[in-house]
Amino acid sequence: MFDRRLLTNFDWSLFIVVLALIHCGIALIYSATCNAPGLGNRALYSRQFYWVLISLVFFIITISIDYHHIIRYGFFLYLINNILLLFLLLQGDLRAGVHRWITIMGINFQPSEFTKIIIVLVLAGYLSRHPNKEIKIREIFTLFILVGIPLILVAKQPDLGSAVLLVPIFIVMLFIAEISLKWFIPFIVSGLVALPILLRRLKPYQINRILSFIKPNLDPLGIGYQVLQSRIAVGAGGVLGQGFLAGTQSQLRFIPQHHTDFIFSVLAEEWGFIGCITVIGLFLFIILKGIDFAIHAKDRVGTLTAMGIVTIFTFHIITNIGMVIGLMPITGIPLPFLSYGGTSLLANTIAIGLLLNIRMRRFT
Amino acid sequence: MTEFRKEESKSYFGRIIFITYLTLIAFFLLTLRLFFLQIIQGKKYRTLSSNNRIRLTRVKSSRGVIYDRNKNVLTTTRPSYLATITPEDTDDWDAELAFLSKIINLPKEKLYKKIHSSSKRKPYKQIVLKKDLNFFEVASIEGYKLDLPGINVEVEAVRSYPENEFAAHLLGYMGEISEQQLRKKKYHNIRSGDQIGQYGLEKVSNDYLIGLDGGKQIEVDAHGREIRILGSKTPTPGNNLVLTIDIRLQKFIEQLLEKKVGAIVAMDPGNGEILALASTPSFNPNSFASGMSQKEWLTLVNNPLNPLRNRTIQSHYPPGSIFKIIVAIAGLETGAIDESIVFHCGGHINIGRWKFRCWKKTGHNQIRLHDALVHSCNVFFYHAATKIGPEAIAHYAKLFGLGKPTGICLENEESGFIPTPEWKKRVLKTKWYPGDTLSMSIGQGYISVTPLQLVNLISAIANGGTLFRPKLFRYVLNSQGEITHFFPPSIIRNLQISARTLQTVQLALFGVVNEHGTGARARLPEVEVAGKTGTAQIVSLKENMEDEDLPERLKDHAWFCGYAPFSNPEIALVVLIEHGGTGGKTCAPLAREIFQKYFDLKHTPGGQGNV
């Protein structure tokens, strides 16, 4: 089953860049948690390391199977994922009022991390089966339902960030599928209709996050303080940073969730502008590689899948870093490969595996 | 496949390039922002980050006030000055602490201990070194402020009870939140070290009173001194509570109870509002608010009279002859007896080898229900209860709310107990003897009630058969003085007792006070009072032995419950004096004084009339 040609087409540079980012991530998690009280926190970076090993196993599995096979099972995966999300809503592990995790054999695992990839697979499968000229109102409607169900389930968890992320994936994939631009009109219309309804259904803390972004002084003790502290941490990094384990803002735990969503502030404070530019450069490398793979993919399915995955990464990176440096409102979206979180790491590694899979099989 | 590809490749390639440009622009913006924050403004942010120059300070909300029914203040707040230290802001805290220990008269070791014991605190969080500083200490610290960087004087609002022991069981006290309480969801807004209500109304209405803390985001200098306020959230004061209690009646009752052990509850029979609720001995809630020493606490807890116990709801006693009201109602309602039935009282009856006595040794001769209640004849009720049967009596007792907590909004209310033959067989594994019925008929034996249950019972008789849930809250006022919540009367049940039965009992209760009955000492010249006395035996007396001969701890508990005015009741009352002797001698005179006071107050400003 394993063709030698596949190995020659394996893009080692992308793989090494990803490993480098994961490495940075573990170092940053260590820095963010080594001084925190409680043994549980100190063990976080080592727990992340076990997740790296698990992720590598799944990575190898992902690149071994021809992506066409994977996409063929896309709808099956889609159903399982929806069932898991529904199960979570009905009787989830209530962690701070949030239904996000399923515990399997002592390992907490977050199905919504996989929803994005599965949506990419399902959309790629569907769009490649329907040439762009065949796409009419019925197909558009089907696509809306396909994306809408998991979107609502994830939003109900409530994980609004991850839910909203499905929208750009959807739009970009339709765009790449060369759908006639007139079909984007329903998007704009439904978006305008849904916005006021959505705003009314938001939870107070979600409204608070958005309002505080517009007007930081609105919640000086809560979000406003977090945003300001995060900005101070980033700014205090300067050109070269305060040095590893030396960031006072991060070490003193003024920033909540600094080992997960706000990990970039630790990087910015301890490694400065140079460190940030390096990491952003690595991320950009991944994205451009992904776009390259999409352009040179063997077929339409490959192009669509690759572009879908590129979109996932792009939006994660931009919204997360944007949030840390005060360009975007606070959303609970992690930074790929750097934020602490096993499921997120696993999902991202699998996504990279899919990209490499498409590249490896471009000539077969 | 490949052909299909070529045909479309042009347009999809263009679209991918378009998206690539968008991505590059976004990444460029991120970099630009980082350049701005880290390189152009880097210096400014580095200063802000050193010593954590941006801090949050808390502005505590003020706790709501508790008022009596006429809006007289029952609780106030006094300022307490604290000496605090923020170790990160100090220059040389060894020297500073040595200096401070002289100012505030605390050994240096003790100060060190306080700092070490709070090692788990968050960075830059203040540690309290001493509470309740006096004026001289405050002035000294402020005066040497420049030599004591990092040491500050803070003001804290402390709950205070201006009349010390007044209504202590009702109002309760405040105390520091415990570790267990901190874990409860109910207290999720409260932080460790904060004071919350721990007993009485302070505890049960904590949510109303507490308010919402605010805070300030401030910029400080290198020594932690505030330079400017960057943002603030004003605290929301707690709501104020208006009780049903009348401070004047409550005070009068507490004076009457002074040096006695007992409980008195006054209630409006028309709606279940508690006008006064007193239990003695009492305690001083102020001593809890400022932190109590181990010794103080132990003397309070180990006091054999148990001052912390609210005897109106947390103690239960045999009701004695007051229970005859229930027997009479059970008899009339079941038809086992009627108003004209006559029994002979010869001073005692014999059941087997046991002798059951009437309180009057010579007996009451031929006696009917009315006079049996008026003169509290035991033998009449022995005969009546035997005819009625214990199950029916227990049924009516429970109908009047005995054997169950009334549901007043205070914690740890006792339920009291009403025995039944079924219970005795199940729990004590013995038969219900005829003698058990006789004991029950005069409110002795296994039966027990709380004073609050009795005042509720007598209220239901006074108002014509409605059992209310005793009510302590009238309404809630927000900090602007607007009523935000009103507490309507709450009915436990309508008793469905015939008007004739009630009238018979009411007339008998009138007789108890006004026809030379056992409660004659409760009689008032202008107002018609009705009531019933009771004497709860602790030991059964031997032949020819009088209660007066017994040592204090074995003396009977004395009861009186009643209401006035007879035709249109406004106040119902229960008086219990532990080891007080007979109800007629001890409690009826107290009841008379309270009734008198109530009707006097009615005609003075701030009284019932103008609310």
# chains A, B, ... in the order shown; residues from 1 in each chain; ligands from 1
$ select_by_dssp --residues "range 342-484 of chain B" --states "strand (DSSP E)" --output "ChimeraX atom specification"
/B:343-345,348-351,354-357,365-367,466-468,473-477,483-484
$ write_last_selection --atoms "C-alpha atoms" --output "PDB file, in the first residue's frame"
ATOM      1  CA  PHE B 343     -68.110  14.453  83.528  1.00  0.00           C
ATOM      2  CA  HIS B 344     -67.411  14.093  87.224  1.00  0.00           C
ATOM      3  CA  CYS B 345     -64.079  15.268  88.571  1.00  0.00           C
ATOM      4  CA  HIS B 348     -58.163  12.103  90.145  1.00  0.00           C
ATOM      5  CA  ILE B 349     -59.039   8.975  88.207  1.00  0.00           C
ATOM      6  CA  ASN B 350     -57.442   5.554  88.445  1.00  0.00           C
ATOM      7  CA  ILE B 351     -56.325   3.536  85.472  1.00  0.00           C
ATOM      8  CA  TRP B 354     -51.866   4.361  88.194  1.00  0.00           C
ATOM      9  CA  LYS B 355     -53.484   7.433  89.612  1.00  0.00           C
ATOM     10  CA  PHE B 356     -54.044  10.392  87.219  1.00  0.00           C
ATOM     11  CA  ARG B 357     -54.551  13.613  89.128  1.00  0.00           C
ATOM     12  CA  ASN B 365     -67.388  17.892  90.735  1.00  0.00           C
ATOM     13  CA  GLN B 366     -69.863  17.834  87.842  1.00  0.00           C
ATOM     14  CA  ILE B 367     -68.268  19.814  85.011  1.00  0.00           C
ATOM     15  CA  THR B 466     -56.813  30.337  59.032  1.00  0.00           C
ATOM     16  CA  LEU B 467     -53.341  28.981  59.764  1.00  0.00           C
ATOM     17  CA  PHE B 468     -50.777  31.490  58.498  1.00  0.00           C
ATOM     18  CA  PHE B 473     -40.453  40.421  56.177  1.00  0.00           C
ATOM     19  CA  ARG B 474     -42.797  43.162  55.070  1.00  0.00           C
ATOM     20  CA  TYR B 475     -40.941  44.466  52.044  1.00  0.00           C
ATOM     21  CA  VAL B 476     -37.547  45.050  50.460  1.00  0.00           C
ATOM     22  CA  LEU B 477     -36.360  48.577  49.679  1.00  0.00           C
ATOM     23  CA  ILE B 483     -40.077  49.003  47.254  1.00  0.00           C
ATOM     24  CA  THR B 484     -38.745  46.216  45.048  1.00  0.00           C
TER      25      THR B 484
END
$ select_by_dssp --residues "range 288-339 of chain B" --states "alpha helix (DSSP H)" --output "compact mmCIF listing (two decimals) with N, CA and C atoms, in the first residue's frame"
# COMPACT_ATOMS: atom_id res chain seq x y z
N PHE B 288 -19.39 39.23 67.52
CA PHE B 288 -19.03 38.35 66.41
C PHE B 288 -18.41 39.16 65.27
N ALA B 289 -18.96 40.35 65.04
CA ALA B 289 -18.55 41.13 63.88
C ALA B 289 -17.09 41.54 63.96
N GLN B 294 -11.19 32.97 71.22
CA GLN B 294 -11.51 31.58 71.53
C GLN B 294 -12.24 31.49 72.88
N LYS B 295 -11.74 32.28 73.84
CA LYS B 295 -12.28 32.21 75.20
C LYS B 295 -13.73 32.70 75.23
N GLU B 296 -13.95 33.83 74.56
CA GLU B 296 -15.31 34.39 74.53
C GLU B 296 -16.28 33.37 73.92
N TRP B 297 -15.81 32.75 72.85
CA TRP B 297 -16.66 31.80 72.14
C TRP B 297 -16.98 30.62 73.04
N LEU B 298 -15.98 30.10 73.74
CA LEU B 298 -16.20 28.93 74.59
C LEU B 298 -17.16 29.24 75.73
N THR B 299 -17.02 30.41 76.34
CA THR B 299 -17.95 30.72 77.43
C THR B 299 -19.37 30.81 76.91
N LEU B 300 -19.50 31.30 75.68
CA LEU B 300 -20.84 31.42 75.10
C LEU B 300 -21.42 30.04 74.81
N VAL B 301 -20.59 29.18 74.24
CA VAL B 301 -21.08 27.86 73.82
C VAL B 301 -21.30 26.96 75.03
N ASN B 302 -20.44 27.10 76.05
CA ASN B 302 -20.53 26.20 77.19
C ASN B 302 -21.50 26.68 78.27
N ARG B 311 -35.07 30.20 71.60
CA ARG B 311 -36.05 29.31 72.24
C ARG B 311 -37.42 29.36 71.58
N THR B 312 -37.69 30.37 70.79
CA THR B 312 -39.01 30.44 70.17
C THR B 312 -39.19 29.39 69.09
N ILE B 313 -38.08 28.98 68.47
CA ILE B 313 -38.21 27.99 67.40
C ILE B 313 -37.30 26.78 67.59
N GLN B 314 -36.25 26.93 68.39
CA GLN B 314 -35.28 25.83 68.48
C GLN B 314 -35.42 25.00 69.75
N LYS B 324 -55.29 21.26 75.72
CA LYS B 324 -56.72 20.93 75.91
C LYS B 324 -57.58 21.59 74.84
N ILE B 325 -57.10 22.73 74.29
CA ILE B 325 -57.83 23.38 73.19
C ILE B 325 -58.00 22.40 72.04
N ILE B 326 -56.90 21.71 71.71
CA ILE B 326 -56.93 20.76 70.60
C ILE B 326 -57.88 19.60 70.93
N VAL B 327 -57.80 19.10 72.18
CA VAL B 327 -58.67 17.98 72.57
C VAL B 327 -60.12 18.40 72.45
N ALA B 328 -60.41 19.63 72.91
CA ALA B 328 -61.80 20.11 72.83
C ALA B 328 -62.27 20.18 71.38
N ILE B 329 -61.41 20.73 70.51
CA ILE B 329 -61.80 20.85 69.10
C ILE B 329 -61.98 19.47 68.49
N ALA B 330 -61.05 18.55 68.78
CA ALA B 330 -61.16 17.20 68.25
C ALA B 330 -62.46 16.56 68.70
N GLY B 331 -62.81 16.74 69.98
CA GLY B 331 -64.04 16.15 70.52
C GLY B 331 -65.27 16.71 69.86
N LEU B 332 -65.31 18.05 69.73
CA LEU B 332 -66.50 18.68 69.15
C LEU B 332 -66.62 18.35 67.67
N GLU B 333 -65.51 18.35 66.96
CA GLU B 333 -65.58 18.13 65.51
C GLU B 333 -65.90 16.67 65.19
N THR B 334 -65.38 15.72 65.97
CA THR B 334 -65.70 14.32 65.69
C THR B 334 -67.05 13.94 66.28
$ interface_residues --of "chain A" --to "chain B" --cutoff "8 Å" --atoms "only C-alpha atoms" --output "PyMOL selection string"
chain A and resi 175-178+217+219-221+225+229+231-239+248-249+252+272-273+276-277+280+284+288+291+295+298-300+314+318+321-322+325
$ write_last_selection --atoms "C-alpha atoms" --output "mmCIF file, in the first residue's frame"
data_model
loop_
_atom_site.group_PDB
_atom_site.id
_atom_site.type_symbol
_atom_site.label_atom_id
_atom_site.label_comp_id
_atom_site.auth_asym_id
_atom_site.auth_seq_id
_atom_site.Cartn_x
_atom_site.Cartn_y
_atom_site.Cartn_z
ATOM 1 C CA PHE A 175 -15.533 30.787 -3.313
ATOM 2 C CA ILE A 176 -12.761 28.402 -4.316
ATOM 3 C CA ALA A 177 -15.357 26.012 -5.749
ATOM 4 C CA GLU A 178 -15.982 28.764 -8.289
ATOM 5 C CA ASN A 217 -13.486 51.371 29.848
ATOM 6 C CA ASP A 219 -15.689 46.852 32.212
ATOM 7 C CA PRO A 220 -12.500 48.087 33.868
ATOM 8 C CA LEU A 221 -12.506 45.278 36.437
ATOM 9 C CA TYR A 225 -8.474 44.752 32.729
ATOM 10 C CA GLN A 229 -2.875 43.578 31.015
ATOM 11 C CA ARG A 231 -1.435 44.660 25.949
ATOM 12 C CA ILE A 232 1.027 45.655 28.683
ATOM 13 C CA ALA A 233 2.585 42.185 28.561
ATOM 14 C CA VAL A 234 2.988 42.367 24.798
ATOM 15 C CA GLY A 235 4.343 45.907 24.859
ATOM 16 C CA ALA A 236 6.718 45.192 27.741
ATOM 17 C CA GLY A 237 8.379 42.562 25.564
ATOM 18 C CA GLY A 238 10.034 45.263 23.482
ATOM 19 C CA VAL A 239 12.422 44.254 20.738
ATOM 20 C CA THR A 248 6.668 39.589 34.996
ATOM 21 C CA GLN A 249 3.164 39.924 33.635
ATOM 22 C CA LEU A 252 2.645 36.777 38.087
ATOM 23 C CA GLY A 272 9.863 40.317 22.186
ATOM 24 C CA PHE A 273 9.231 41.533 18.669
ATOM 25 C CA CYS A 276 6.765 37.247 17.578
ATOM 26 C CA ILE A 277 7.957 37.894 14.039
ATOM 27 C CA ILE A 280 4.272 34.684 12.767
ATOM 28 C CA LEU A 284 2.780 32.266 7.402
ATOM 29 C CA LEU A 288 1.625 29.631 2.098
ATOM 30 C CA ILE A 291 -1.967 27.386 -0.557
ATOM 31 C CA ILE A 295 -2.853 25.053 -6.281
ATOM 32 C CA LYS A 298 -4.155 16.571 -8.250
ATOM 33 C CA ASP A 299 -7.856 17.298 -8.365
ATOM 34 C CA ARG A 300 -10.684 19.563 -7.256
ATOM 35 C CA THR A 314 -5.550 31.446 9.028
ATOM 36 C CA ILE A 318 -5.469 35.957 13.075
ATOM 37 C CA ILE A 321 -3.144 36.982 17.918
ATOM 38 C CA GLY A 322 -5.530 39.824 17.119
ATOM 39 C CA ILE A 325 -2.722 42.422 20.894
#
$ residues_around --residues "range 334-347 of chain A" --least-positions-apart "2" --cutoff "8 Å" --atoms "only C-alpha atoms" --output "ChimeraX atom specification"
/A:18,21-22,24-26,28-29,44-45,48,51-52,54-55,58,109-111,113-114,117,259-264,313,316-317,320-321,332,349-351
$ atom_distance --atom1 "CA of Leu6 in chain A" --atom2 "CA of Ile70 in chain A"
16.7 Å
$ atom_distance --atom1 "CA of Gly175 in chain B" --atom2 "CA of Leu257 in chain B"
27.3 Å
$ atom_distance --atom1 "CA of Glu219 in chain B" --atom2 "CA of Ser117 in chain B"
28.0 Å
$ closest_residue --among "B:Gly270, B:Pro107, B:Pro87, B:Pro235" --to "Gly464 in chain B" --atoms "only C-alpha atoms"
B:Gly270
$ residues_around --residues "Lys398 in chain B" --least-positions-apart "3" --cutoff "12 Å" --atoms "only C-alpha atoms" --output "VMD selection string"
chain B and resid 323 326 to 327 330 391 to 395 401 to 406 415 to 420 447 to 449 453 to 454 457 467 492 to 493 495
